[in-house]
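Asks: Input structure: target_16.tsv, which contains TSV, C-alpha atoms.
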```tsv
chain	number	residue	atom	x	y	z
A	45	MET	CA	124.66	131.22	74.30
A	46	LEU	CA	125.53	127.64	73.32
A	47	PHE	CA	127.40	127.29	76.63
A	48	LEU	CA	124.29	128.28	78.62
A	49	VAL	CA	122.12	125.76	76.74
A	50	LEU	CA	124.59	122.93	77.43
A	51	LEU	CA	124.79	123.92	81.10
A	52	CYS	CA	121.01	123.84	81.50
A	53	THR	CA	120.78	120.49	79.68
A	54	CYS	CA	123.45	119.02	81.91
A	55	SER	CA	121.71	120.31	85.05
A	56	LEU	CA	118.37	118.82	83.98
A	57	SER	CA	120.09	115.48	83.25
A	58	THR	CA	121.75	115.46	86.68
A	59	PHE	CA	118.43	116.35	88.32
A	60	GLY	CA	116.68	113.48	86.53
A	61	GLN	CA	119.44	111.04	87.52
A	62	ASN	CA	119.16	112.09	91.17
A	63	GLN	CA	115.42	111.48	91.03
A	64	LEU	CA	115.96	107.95	89.72
A	65	GLU	CA	118.56	107.20	92.39
A	66	ASN	CA	116.22	108.44	95.11
A	67	GLN	CA	113.39	106.28	93.77
A	68	LEU	CA	115.67	103.25	93.75
A	69	LEU	CA	116.75	103.96	97.33
A	70	LEU	CA	113.12	104.24	98.40
A	71	LEU	CA	112.33	100.86	96.80
A	72	GLU	CA	115.36	99.29	98.50
A	73	ASP	CA	114.15	100.64	101.83
A	74	ARG	CA	110.72	99.15	101.20
A	75	LEU	CA	112.28	95.79	100.37
A	76	ASP	CA	114.32	95.90	103.58
A	77	ALA	CA	111.17	96.70	105.53
A	78	LEU	CA	109.37	93.78	103.87
A	79	ASP	CA	112.27	91.44	104.68
A	80	ASN	CA	112.18	92.55	108.30
A	81	GLU	CA	108.42	92.05	108.41
A	82	ARG	CA	108.77	88.61	106.79
A	83	GLU	CA	111.36	87.55	109.37
A	84	LYS	CA	109.10	88.77	112.13
A	85	ILE	CA	106.15	86.77	110.74
A	86	TYR	CA	108.32	83.65	110.36
A	87	GLY	CA	109.41	84.03	113.97
A	88	GLU	CA	105.80	84.33	115.15
A	89	MET	CA	104.80	81.32	113.05
A	90	GLU	CA	107.61	79.22	114.50
A	91	GLU	CA	106.61	80.17	118.04
A	92	LEU	CA	102.98	79.24	117.37
A	93	GLN	CA	104.03	75.93	115.78
A	94	LEU	CA	106.16	75.09	118.81
A	95	ARG	CA	103.25	75.90	121.11
A	96	TYR	CA	100.96	73.75	118.97
A	97	VAL	CA	103.36	70.78	119.12
A	98	ARG	CA	103.68	71.12	122.88
A	99	SER	CA	99.91	71.29	123.36
A	100	GLU	CA	99.37	68.27	121.08
A	101	LEU	CA	101.90	66.17	123.00
A	102	ASP	CA	100.31	67.14	126.31
A	103	ARG	CA	96.84	66.45	124.92
A	104	ILE	CA	97.54	62.92	123.71
A	105	GLY	CA	99.51	61.95	126.80
A	106	PHE	CA	102.68	59.92	127.10
A	107	PRO	CA	103.68	56.25	127.03
A	108	THR	CA	104.69	54.26	130.09
A	109	VAL	CA	107.33	55.67	132.46
A	110	ASN	CA	108.75	52.91	134.68
A	111	ASP	CA	110.48	53.19	138.04
A	112	GLY	CA	114.01	54.55	137.68
A	113	GLU	CA	113.13	56.44	134.49
A	114	GLN	CA	112.64	60.18	134.05
A	115	LEU	CA	110.06	61.98	131.94
A	116	VAL	CA	111.77	64.93	130.21
A	117	HIS	CA	109.96	67.66	128.25
A	118	HIS	CA	111.67	69.85	125.69
A	119	THR	CA	109.86	72.36	123.52
A	120	ALA	CA	109.25	70.11	120.51
A	121	LEU	CA	109.70	66.61	121.93
A	122	SER	CA	109.26	64.58	125.10
A	123	LEU	CA	111.23	61.53	126.16
A	124	CYS	CA	111.54	58.92	128.88
A	125	TYR	CA	115.18	58.58	129.94
A	126	SER	CA	116.48	55.26	131.24
A	127	GLU	CA	119.56	55.77	133.40
A	128	LYS	CA	120.59	52.12	133.26
A	129	ASP	CA	120.54	52.24	129.44
A	130	GLU	CA	121.79	55.87	129.12
A	131	GLN	CA	119.21	56.58	126.43
A	132	PRO	CA	115.44	56.97	126.20
A	133	THR	CA	113.03	54.07	126.25
A	134	TRP	CA	110.93	56.26	123.97
A	135	VAL	CA	110.96	59.71	122.33
A	136	MET	CA	107.67	61.28	121.27
A	137	HIS	CA	107.26	64.15	118.82
A	138	VAL	CA	104.93	65.55	116.15
A	139	VAL	CA	105.79	65.85	112.46
A	140	LEU	CA	104.08	68.91	110.98
A	141	PRO	CA	103.23	69.55	107.29
A	142	ALA	CA	105.54	72.58	107.61
A	143	VAL	CA	108.45	70.12	107.43
A	144	GLU	CA	107.99	69.93	103.65
A	145	PHE	CA	109.07	73.56	103.19
A	146	GLY	CA	111.44	73.90	106.15
A	147	THR	CA	114.92	75.19	105.38
A	148	VAL	CA	116.74	74.78	108.71
A	149	THR	CA	119.77	72.50	108.33
A	150	ARG	CA	121.52	70.28	110.87
A	151	THR	CA	123.08	72.20	113.74
A	152	ASN	CA	125.34	69.32	114.87
A	153	ASP	CA	125.45	70.84	118.36
A	154	PHE	CA	125.56	67.48	120.14
A	155	ARG	CA	125.48	68.13	123.87
A	156	VAL	CA	124.57	66.74	127.28
A	157	ASP	CA	120.93	67.13	128.25
A	158	GLU	CA	120.95	69.21	131.45
A	159	LEU	CA	117.31	68.30	132.15
A	160	VAL	CA	118.28	64.66	132.75
A	161	THR	CA	118.90	64.76	136.52
A	162	THR	CA	121.08	61.63	136.54
A	163	GLY	CA	123.19	62.90	133.64
A	164	SER	CA	122.84	61.84	130.02
A	165	ALA	CA	125.32	60.06	127.76
A	166	ASP	CA	128.10	62.19	126.27
A	167	LYS	CA	130.56	62.39	123.39
A	168	PRO	CA	133.16	59.94	124.87
A	169	ASP	CA	130.51	57.20	124.85
A	170	TYR	CA	130.29	57.29	121.07
A	171	TRP	CA	133.68	58.65	119.98
A	172	GLU	CA	135.59	56.20	117.73
A	173	SER	CA	133.14	53.45	118.69
A	174	GLY	CA	132.08	52.55	115.16
A	175	TYR	CA	128.51	53.49	116.02
A	176	ASP	CA	126.59	56.56	114.88
A	177	ARG	CA	124.92	58.89	117.34
A	178	GLY	CA	121.55	57.88	115.97
A	179	HIS	CA	118.71	60.36	116.40
A	180	LEU	CA	115.48	58.83	117.64
A	181	ALA	CA	113.50	61.97	116.82
A	182	PRO	CA	115.31	62.94	113.58
A	183	SER	CA	116.49	66.51	113.16
A	184	ALA	CA	115.00	66.61	109.64
A	185	ASP	CA	111.51	66.26	111.17
A	186	PHE	CA	112.01	69.71	112.77
A	187	ARG	CA	113.54	71.66	109.90
A	188	TRP	CA	110.80	74.28	110.24
A	189	SER	CA	112.36	75.44	113.55
A	190	GLU	CA	115.99	76.18	114.45
A	191	LYS	CA	115.17	75.72	118.13
A	192	ALA	CA	113.54	72.33	117.58
A	193	VAL	CA	116.39	71.12	115.35
A	194	SER	CA	118.88	72.10	118.04
A	195	GLU	CA	116.90	70.24	120.71
A	196	SER	CA	117.12	67.06	118.66
A	197	PHE	CA	120.91	67.04	119.20
A	198	TYR	CA	120.74	66.38	122.94
A	199	TYR	CA	122.44	63.10	123.82
A	200	SER	CA	119.18	62.14	125.51
A	201	ASN	CA	117.79	61.74	121.96
A	202	MET	CA	120.64	59.49	120.80
A	203	SER	CA	121.10	55.73	120.61
A	204	PRO	CA	124.06	53.71	119.22
A	205	GLN	CA	123.20	52.77	115.64
A	206	LYS	CA	125.32	51.00	113.07
A	207	PRO	CA	126.11	53.29	110.12
A	208	GLU	CA	124.55	50.91	107.60
A	209	PHE	CA	121.33	51.13	109.61
A	210	ASN	CA	121.25	54.80	110.59
A	211	ARG	CA	122.18	56.12	107.15
A	212	GLU	CA	120.18	53.69	105.04
A	213	SER	CA	117.09	51.71	106.09
A	214	TRP	CA	116.36	53.81	109.21
A	215	SER	CA	116.81	57.01	107.22
A	216	ASN	CA	114.45	55.61	104.57
A	217	LEU	CA	111.81	55.00	107.24
A	218	GLU	CA	112.18	58.54	108.58
A	219	GLY	CA	111.79	59.87	105.03
A	220	TRP	CA	108.72	57.68	104.54
A	221	VAL	CA	107.03	59.38	107.52
A	222	ARG	CA	107.84	62.86	106.20
A	223	ARG	CA	106.53	61.96	102.75
A	224	TYR	CA	103.26	60.79	104.27
A	225	VAL	CA	102.86	64.10	106.12
A	226	GLY	CA	103.67	66.03	102.94
A	227	ASP	CA	101.36	63.97	100.72
A	228	PHE	CA	98.35	64.03	103.06
A	229	ARG	CA	99.01	67.46	104.62
A	230	GLU	CA	98.31	66.07	108.10
A	231	PRO	CA	100.48	66.08	111.25
A	232	VAL	CA	101.29	62.75	112.88
A	233	PHE	CA	102.43	61.60	116.33
A	234	VAL	CA	105.64	59.58	116.27
A	235	VAL	CA	107.10	57.45	119.09
A	236	THR	CA	110.55	55.94	118.61
A	237	GLY	CA	113.01	53.89	120.63
A	238	GLY	CA	115.28	50.91	120.89
A	239	ILE	CA	113.93	47.61	122.22
A	240	LEU	CA	115.91	47.61	125.45
A	241	ASN	CA	114.59	44.44	127.06
A	242	ASP	CA	116.13	42.05	124.50
A	243	GLU	CA	118.57	39.61	126.07
A	244	GLY	CA	122.34	39.92	125.76
A	245	LEU	CA	122.56	43.59	124.80
A	246	ALA	CA	126.12	44.94	124.70
A	247	LYS	CA	127.23	48.22	126.28
A	248	LEU	CA	129.17	51.14	124.87
A	249	GLY	CA	131.53	53.77	126.30
A	250	PRO	CA	132.36	55.01	129.82
A	251	ASN	CA	128.67	55.43	130.70
A	252	GLU	CA	127.81	51.94	129.42
A	253	VAL	CA	125.22	52.95	126.86
A	254	THR	CA	123.04	49.99	125.85
A	255	ILE	CA	123.29	48.97	122.18
A	256	PRO	CA	119.83	47.87	120.97
A	257	LYS	CA	119.55	45.01	118.50
A	258	ARG	CA	116.23	46.34	117.21
A	259	TYR	CA	114.43	49.68	116.96
A	260	TYR	CA	110.75	50.54	116.69
A	261	LYS	CA	108.89	53.53	115.28
A	262	ILE	CA	105.18	54.11	115.84
A	263	VAL	CA	103.17	56.52	113.69
A	264	MET	CA	99.65	57.68	114.59
A	265	ASP	CA	97.44	59.99	112.51
A	266	LEU	CA	94.62	61.29	114.71
A	267	ASN	CA	93.82	64.39	112.66
A	268	GLY	CA	92.54	63.13	109.33
A	269	SER	CA	89.12	61.85	108.36
A	270	GLU	CA	90.54	58.34	108.59
A	271	ARG	CA	92.33	57.92	111.92
A	272	LYS	CA	95.01	55.27	111.71
A	273	GLY	CA	98.10	53.83	113.34
A	274	ILE	CA	101.04	51.69	112.27
A	275	ALA	CA	104.40	50.54	113.62
A	276	PHE	CA	107.73	49.37	112.23
A	277	VAL	CA	110.54	47.29	113.72
A	278	MET	CA	113.98	47.10	112.11
A	279	THR	CA	117.24	45.37	113.00
A	280	ASN	CA	120.23	47.53	113.99
A	281	GLY	CA	122.15	46.58	110.86
A	282	VAL	CA	121.39	45.92	107.22
A	283	ASN	CA	117.66	45.79	106.35
A	284	GLU	CA	117.42	44.87	102.68
A	285	TYR	CA	113.67	45.09	102.19
A	286	PRO	CA	111.61	48.24	101.46
A	287	VAL	CA	110.13	50.15	104.39
A	288	ALA	CA	106.69	48.62	103.94
A	289	SER	CA	108.08	45.15	104.66
A	290	TYR	CA	108.78	46.06	108.30
A	291	ALA	CA	105.25	47.23	109.15
A	292	ILE	CA	103.61	45.55	112.16
A	293	THR	CA	100.91	46.50	114.65
A	294	ILE	CA	101.41	48.82	117.62
A	295	ASN	CA	100.11	45.99	119.78
A	296	GLU	CA	103.07	43.87	118.71
A	297	VAL	CA	105.51	46.62	119.70
A	298	GLU	CA	103.80	46.89	123.08
A	299	GLN	CA	104.34	43.17	123.58
A	300	MET	CA	108.02	43.49	122.61
A	301	THR	CA	108.72	46.48	124.85
A	302	GLY	CA	106.23	46.09	127.71
A	303	LEU	CA	105.14	49.71	127.13
A	304	ASP	CA	101.64	51.15	126.75
A	305	PHE	CA	101.83	53.90	124.13
A	306	PHE	CA	98.40	55.54	123.81
A	307	ALA	CA	96.56	54.76	127.04
A	308	SER	CA	94.72	58.11	126.95
A	309	LEU	CA	92.65	57.05	123.93
A	310	ASP	CA	89.22	55.52	124.29
A	311	ASP	CA	89.68	51.76	124.86
A	312	VAL	CA	87.75	50.76	121.74
A	313	GLU	CA	89.56	53.21	119.49
A	314	GLU	CA	92.94	52.36	121.04
A	315	GLU	CA	92.44	48.68	120.27
A	316	GLN	CA	91.30	49.48	116.74
A	317	LEU	CA	94.25	51.77	115.96
A	318	GLU	CA	96.84	49.60	117.65
A	319	SER	CA	95.79	46.47	115.74
A	320	MET	CA	96.29	48.02	112.27
A	321	ASN	CA	99.24	46.88	110.15
A	322	SER	CA	98.15	47.61	106.56
A	323	ILE	CA	100.42	49.99	104.70
A	324	ALA	CA	97.79	50.77	102.01
A	325	PRO	CA	95.99	53.65	103.85
A	326	TRP	CA	99.36	55.38	104.29
A	327	ILE	CA	100.17	55.57	100.58
A	328	HIS	CA	98.82	58.50	98.59
A	329	THR	CA	97.62	57.32	95.18
A	330	GLU	CA	99.08	60.41	93.54
A	331	ALA	CA	102.37	60.40	95.43
A	332	ALA	CA	105.62	60.24	93.52
A	333	ASP	CA	106.61	56.96	95.20
A	334	PHE	CA	103.20	55.29	94.90
A	335	GLY	CA	103.55	51.71	93.73
A	336	GLU	CA	106.03	50.34	96.25
A	337	ALA	CA	105.10	46.74	97.02
A	338	THR	CA	106.20	44.43	99.79
A	339	PRO	CA	108.46	41.66	98.40
A	340	LEU	CA	107.07	38.16	98.75
A	341	LYS	CA	107.93	36.63	102.09
A	342	ALA	CA	110.81	34.18	101.99
A	343	PRO	CA	111.33	31.29	101.83
A	344	LEU	CA	109.43	30.62	98.59
A	345	PRO	CA	109.03	27.17	97.00
A	346	LYS	CA	112.21	25.42	95.84
A	347	GLY	CA	113.72	27.21	92.85
A	348	TYR	CA	111.74	30.41	93.49
A	349	PHE	CA	113.16	33.59	95.03
A	350	ASN	CA	111.86	37.08	95.76
A	351	SER	CA	113.27	40.29	94.28
A	352	ILE	CA	115.58	40.93	97.25
A	353	GLN	CA	117.12	37.46	96.98
A	354	ALA	CA	117.74	37.86	93.24
A	355	LYS	CA	121.21	39.37	93.72
A	356	TYR	CA	122.37	36.13	95.35
A	357	GLN	CA	121.30	34.07	92.31
A	358	SER	CA	123.66	35.58	89.72
A	359	GLY	CA	124.55	33.06	87.00
A	360	LYS	CA	121.76	30.68	88.02
A	361	ASP	CA	118.64	29.65	86.11
A	362	VAL	CA	115.84	30.32	88.62
A	363	ASN	CA	112.42	31.91	89.08
A	364	ILE	CA	112.35	35.48	90.48
A	365	CYS	CA	108.99	36.62	91.78
A	366	GLY	CA	107.54	40.01	92.70
A	367	THR	CA	105.01	42.70	91.88
A	368	ILE	CA	105.47	44.84	88.76
A	369	VAL	CA	105.03	48.36	90.11
A	370	SER	CA	106.24	50.23	87.03
A	371	SER	CA	107.44	49.67	83.48
A	372	LYS	CA	109.44	51.74	81.06
A	373	LYS	CA	110.24	51.63	77.35
A	374	SER	CA	113.73	52.78	76.42
A	375	ARG	CA	114.78	54.76	73.38
A	376	LYS	CA	115.69	51.45	71.76
A	377	GLU	CA	112.14	50.28	72.61
A	378	ALA	CA	113.20	47.68	75.14
A	379	VAL	CA	110.60	47.16	77.88
A	380	TYR	CA	111.84	47.21	81.47
A	381	LEU	CA	109.68	45.67	84.20
A	382	ASN	CA	110.52	46.92	87.71
A	383	PHE	CA	109.86	44.54	90.60
A	384	ASP	CA	108.47	45.80	93.94
A	385	ARG	CA	109.89	49.33	93.70
A	386	LYS	CA	110.02	51.94	90.96
A	387	TYR	CA	113.17	52.69	88.99
A	388	PRO	CA	115.90	53.49	90.06
A	389	ASN	CA	115.21	51.79	93.42
A	390	SER	CA	113.89	48.48	92.12
A	391	PRO	CA	115.86	45.55	93.60
A	392	PHE	CA	115.42	43.54	90.38
A	393	TYR	CA	114.15	44.15	86.85
A	394	ALA	CA	113.33	42.12	83.76
A	395	THR	CA	114.06	43.24	80.19
A	396	ILE	CA	112.07	42.37	77.08
A	397	TRP	CA	114.06	43.45	74.04
A	398	LYS	CA	112.29	44.91	71.00
A	399	ASN	CA	112.88	41.88	68.75
A	400	ASN	CA	111.25	39.57	71.36
A	401	GLN	CA	108.08	41.57	71.99
A	402	ASN	CA	106.28	39.80	69.12
A	403	ASN	CA	106.55	36.61	71.19
A	404	PHE	CA	103.82	37.92	73.55
A	405	SER	CA	100.07	37.68	73.00
A	406	TYR	CA	99.60	40.81	75.16
A	407	ASN	CA	101.42	44.08	75.78
A	408	PRO	CA	103.65	43.32	78.81
A	409	GLU	CA	104.48	47.00	79.33
A	410	LYS	CA	100.81	47.72	80.12
A	411	GLU	CA	99.21	44.41	81.10
A	412	LEU	CA	101.68	43.37	83.82
A	413	ILE	CA	101.46	46.57	85.91
A	414	GLY	CA	100.20	45.71	89.38
A	415	LYS	CA	100.48	41.96	88.77
A	416	THR	CA	102.56	39.63	90.94
A	417	ILE	CA	104.52	37.40	88.60
A	418	CYS	CA	107.50	35.06	88.39
A	419	VAL	CA	110.06	35.23	85.58
A	420	LYS	CA	112.25	32.23	84.74
A	421	GLY	CA	115.74	32.52	83.31
A	422	GLU	CA	119.37	33.27	84.10
A	423	VAL	CA	120.02	36.10	86.53
A	424	THR	CA	122.78	38.47	85.45
A	425	VAL	CA	124.11	41.61	87.08
A	426	TYR	CA	124.45	44.93	85.28
A	427	ASP	CA	125.76	48.06	86.98
A	428	GLY	CA	125.42	46.35	90.34
A	429	LYS	CA	121.76	45.41	89.89
A	430	PRO	CA	120.34	41.91	89.15
A	431	ARG	CA	118.25	41.51	86.02
A	432	MET	CA	116.89	38.92	83.62
A	433	SER	CA	116.19	38.93	79.87
A	434	ILE	CA	112.75	37.63	78.93
A	435	ASN	CA	112.52	36.28	75.37
A	436	LYS	CA	109.05	34.76	75.31
A	437	GLU	CA	105.70	34.77	77.10
A	438	GLN	CA	106.26	31.28	78.51
A	439	GLN	CA	109.00	32.59	80.80
A	440	ILE	CA	106.38	34.49	82.79
A	441	THR	CA	103.92	32.88	85.21
A	442	PHE	CA	101.49	34.53	87.60
A	443	TRP	CA	102.13	34.03	91.31
A	444	ASP	CA	98.55	32.87	91.94
A	445	ASP	CA	99.06	30.09	89.38
A	446	VAL	CA	102.36	29.10	91.01
A	447	LYS	CA	100.63	28.80	94.38
A	448	GLU	CA	97.93	26.61	92.87
A	449	GLU	CA	100.52	24.28	91.33
A	450	ILE	CA	102.39	23.71	94.59
A	451	LYS	CA	99.32	23.04	96.76
```
Can the structure from this file be put into structure tokens for me?
Replies:
Amino acid sequence: MLFLVLLCTCSLSTFGQNQLENQLLLLEDRLDALDNEREKIYGEMEELQLRYVRSELDRIGFPTVNDGEQLVHHTALSLCYSEKDEQPTWVMHVVLPAVEFGTVTRTNDFRVDELVTTGSADKPDYWESGYDRGHLAPSADFRWSEKAVSESFYYSNMSPQKPEFNRESWSNLEGWVRRYVGDFREPVFVVTGGILNDEGLAKLGPNEVTIPKRYYKIVMDLNGSERKGIAFVMTNGVNEYPVASYAITINEVEQMTGLDFFASLDDVEEEQLESMNSIAPWIHTEAADFGEATPLKAPLPKGYFNSIQAKYQSGKDVNICGTIVSSKKSRKEAVYLNFDRKYPNSPFYATIWKNNQNNFSYNPEKELIGKTICVKGEVTVYDGKPRMSINKEQQITFWDDVKEEIK
């Protein structure tokens, strides 16, 4: 009898276990179906986004195409290819808010652009040249689409860029554009190229690719409540200043290049947008990097230097001037004043140690934020960054007062 009871108990246990396994299998099947549906939706979204980009580019129209140049359209970008320079005079694309959450990584499938009828540059032009194959429309701007990222690796989108330019200041500018799109949730038109009509430009590789001395990037927001435009020009090399320092008007880039970028706009609006050069409307007040200020333009009066020049004044007793964009109190209660950029990117900082803070009639940690000041003392270097110790209030003067004194 006991044997029969144990047998029945065991059978019921096995039956219950089978039920649980079947339920788990059903849930796994549902998850697989959801994954498949999600992939399908992502694919449809990407296709619609590509169609949107293409329609936006066609709607706004394209910059100047001169004789001997070819207009080339890919799915997510358009370009004007100059055969004599073996690179585009301009590349135009749209940066979408979807870039903030895109997960597509670099494909590195550099290849000849078969749509360029005269033949584009190729790998031997850049190989072991010391120059990077610099994207004009950066692949990171398309990380919401594998197809668009791959298109950005055509040699028709490349230009010879020095590593210290491509990987540093130029990359910072590209990141600045993406941050704007993420902060404001608005797509922007971007036009990029080298300035190819500068005199004395060298050539590179078997196809004689022109090496620009300068590059421009134009950004236009035509979708928000406040339509605006801005341009940047940087040297193909080291650019020490923050991105904002290189902002100019689109009109100025047109004068440099001889190109007309947005001729399809109404004449009045085109002139208004292309004459803007203020960086302020492009900075979100709640953005993580809000507070970046343009260093004072050199040269300053004798004995005065901006925050970028500070590193060249190590061991000297001088005045370093800039805008205090952030401050911080350490665990030891020392106050750090960051000039022109927030920590850890500030080019120079001043330190007020705890035992010297009683020498101030105001709270420097709070009262100096947003003020443009000069600090006087010996510049030292710590961990590769210039700094200065401030022991008393008299070491600090306001830039407006300095200007009044030297009039």
Asks: Please report the interatomic distance between CA of Phe276 in chain A and CA of Pro204 in chain A in Å with one decimal.
Replies: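 So the two atoms, CA of Phe276 in chain A and CA of Pro204 in chain A, lie 18.3 Å apart.
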Asks: I want to know what sits within 12 Å of range 417-425 of chain A, based on all atoms listed in the file, with residues of the same chain fewer than 6 positions away left out; could you give that as a VMD selection string?
Replies: chain A and resid 339 to 340 344 to 345 347 to 351 353 to 369 381 to 384 391 to 396 408 411 431 to 447
Asks: At a cut-off of 9 Å, can you tabulate as a Markdown table every residue of range 123-142 of chain A near range 146-170 of chain A together with its closest atom pair and the distance in Å to one decimal, using only C-alpha atoms and ordering rows by chain then number?
Replies:
```
| residue | atom | partner | partner_atom | distance |
| --- | --- | --- | --- | --- |
| A:Tyr125 | CA | A:Val160 | CA | 7.4 |
| A:Glu127 | CA | A:Thr162 | CA | 6.8 |
| A:Glu130 | CA | A:Ala165 | CA | 5.6 |
| A:Gln131 | CA | A:Ala165 | CA | 7.2 |
| A:Ala142 | CA | A:Gly146 | CA | 6.2 |
```
Asks: Produce a table with one row for each residue of range 209-240 of chain A that has an atom at most 12 Å from any atom of range 192-203 of chain A, each row naming the nearest atom pair and its distance in Å at one decimal; use all atoms listed in the file; arrange rows by chain and rising residue number; format as JSON lines.
Replies:
```
{"residue": "A:Phe209", "atom": "CA", "partner": "A:Ser203", "partner_atom": "CA", "distance": 11.9}
{"residue": "A:Asn210", "atom": "CA", "partner": "A:Ser203", "partner_atom": "CA", "distance": 10.1}
{"residue": "A:Val235", "atom": "CA", "partner": "A:Asn201", "partner_atom": "CA", "distance": 11.9}
{"residue": "A:Thr236", "atom": "CA", "partner": "A:Asn201", "partner_atom": "CA", "distance": 9.9}
{"residue": "A:Gly237", "atom": "CA", "partner": "A:Ser203", "partner_atom": "CA", "distance": 8.3}
{"residue": "A:Gly238", "atom": "CA", "partner": "A:Ser203", "partner_atom": "CA", "distance": 7.6}
{"residue": "A:Ile239", "atom": "CA", "partner": "A:Ser203", "partner_atom": "CA", "distance": 11.0}
{"residue": "A:Leu240", "atom": "CA", "partner": "A:Ser203", "partner_atom": "CA", "distance": 10.8}
```
Asks: Expressed in Å to a single decimal, how great is the separation between CA of Val379 in chain A and CA of Lys429 in chain A?
Replies: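 CA of Lys429 in chain A lies 16.5 Å from CA of Val379 in chain A.
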Asks: Measuring between only C-alpha atoms, which one of A:Gly112, A:Pro250, A:Pro107, A:Gly244 shows the shortest distance to Ser173 in chain A?
Replies: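 Counting only C-alpha atoms, the residue closest to Ser173 in chain A is A:Pro250.
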Asks: Tell me, in Å to one decimal, how far CA of Val138 in chain A is from CA of Glu230 in chain A.
Replies: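 So the two atoms, CA of Val138 in chain A and CA of Glu230 in chain A, lie 10.4 Å apart.
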Asks: Please list as number ranges by chain every residue within 10 Å of Gly268 in chain A, counting all atoms listed in the file and excluding residues in the same chain fewer than 6 positions away.
Replies: A: 228-232
Asks: Check the smallest atom-to-atom distance from each of A:Ala275, A:Ala184, A:Leu94, A:Val282 to Pro207 in chain A using all atoms listed in the file, then report the winner.
Replies: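 Residue with the minimum atom-to-atom distance to Pro207 in chain A: A:Val282.
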Asks: Within 12 Å of Ile294 in chain A, counting all atoms listed in the file, which residues qualify if same-chain residues fewer than 2 places away don't, as a VMD selection string?
Replies: chain A and resid 234 to 236 260 to 264 272 to 277 291 to 292 296 to 306 314 to 322
Asks: So that I can check the surroundings of Tyr96 in chain A, please list as a short mmCIF file (atom, residue, chain, number, x, y, z; two decimals) with C-alpha atoms, in the coordinates of the input every protein, DNA and RNA residue that reaches within 12 Å of it, counting all atoms listed in the file and ignoring chain neighbours fewer than 6 positions away.
Replies:
```cif
data_model
loop_
_atom_site.label_atom_id
_atom_site.label_comp_id
_atom_site.auth_asym_id
_atom_site.auth_seq_id
_atom_site.Cartn_x
_atom_site.Cartn_y
_atom_site.Cartn_z
CA MET A 89 104.80 81.32 113.05
CA GLU A 90 107.61 79.22 114.50
CA ASP A 102 100.31 67.14 126.31
CA ARG A 103 96.84 66.45 124.92
CA THR A 119 109.86 72.36 123.52
CA ALA A 120 109.25 70.11 120.51
CA LEU A 121 109.70 66.61 121.93
CA HIS A 137 107.26 64.15 118.82
CA VAL A 138 104.93 65.55 116.15
CA VAL A 139 105.79 65.85 112.46
CA LEU A 140 104.08 68.91 110.98
CA PRO A 231 100.48 66.08 111.25
#
```
Asks: Sort by chain and increasing residue number a table of all residues of range 164-202 of chain A within 12 Å of range 217-222 of chain A, each with its closest pair of atoms and their distance in Å to one decimal, counting only C-alpha atoms, and write it as a Markdown table.
Replies:
```
| residue | atom | partner | partner_atom | distance |
| --- | --- | --- | --- | --- |
| A:Gly178 | CA | A:Glu218 | CA | 12.0 |
| A:His179 | CA | A:Glu218 | CA | 10.3 |
| A:Leu180 | CA | A:Glu218 | CA | 9.6 |
| A:Ala181 | CA | A:Glu218 | CA | 9.0 |
| A:Pro182 | CA | A:Glu218 | CA | 7.4 |
| A:Ser183 | CA | A:Glu218 | CA | 10.2 |
| A:Ala184 | CA | A:Glu218 | CA | 8.6 |
| A:Asp185 | CA | A:Arg222 | CA | 7.1 |
| A:Phe186 | CA | A:Arg222 | CA | 10.4 |
| A:Arg187 | CA | A:Arg222 | CA | 11.1 |
```
Asks: Quick one: range 171-179 of chain A with N, CA and C atoms, as an mmCIF file, in the frame of the given file?
Replies:
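Okay, selection-v6.cif is ready:
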```
data_model
loop_
_atom_site.group_PDB
_atom_site.id
_atom_site.type_symbol
_atom_site.label_atom_id
_atom_site.label_comp_id
_atom_site.auth_asym_id
_atom_site.auth_seq_id
_atom_site.Cartn_x
_atom_site.Cartn_y
_atom_site.Cartn_z
ATOM 1 N N TRP A 171 132.512 58.260 120.769
ATOM 2 C CA TRP A 171 133.680 58.650 119.980
ATOM 3 C C TRP A 171 134.513 57.428 119.598
ATOM 4 N N GLU A 172 134.775 57.289 118.285
ATOM 5 C CA GLU A 172 135.590 56.200 117.730
ATOM 6 C C GLU A 172 135.059 54.820 118.137
ATOM 7 N N SER A 173 133.747 54.721 118.293
ATOM 8 C CA SER A 173 133.140 53.450 118.690
ATOM 9 C C SER A 173 132.712 52.606 117.496
ATOM 10 N N GLY A 174 132.614 53.236 116.326
ATOM 11 C CA GLY A 174 132.080 52.550 115.160
ATOM 12 C C GLY A 174 130.570 52.667 115.037
ATOM 13 N N TYR A 175 129.959 53.288 116.034
ATOM 14 C CA TYR A 175 128.510 53.490 116.020
ATOM 15 C C TYR A 175 128.179 54.965 115.780
ATOM 16 N N ASP A 176 127.095 55.200 115.056
ATOM 17 C CA ASP A 176 126.590 56.560 114.880
ATOM 18 C C ASP A 176 125.815 57.003 116.115
ATOM 19 N N ARG A 177 125.821 58.305 116.343
ATOM 20 C CA ARG A 177 124.920 58.890 117.340
ATOM 21 C C ARG A 177 123.556 59.027 116.655
ATOM 22 N N GLY A 178 122.787 57.958 116.733
ATOM 23 C CA GLY A 178 121.550 57.880 115.970
ATOM 24 C C GLY A 178 120.412 58.646 116.619
ATOM 25 N N HIS A 179 119.882 59.629 115.898
ATOM 26 C CA HIS A 179 118.710 60.360 116.400
ATOM 27 C C HIS A 179 117.510 59.433 116.483
#
```
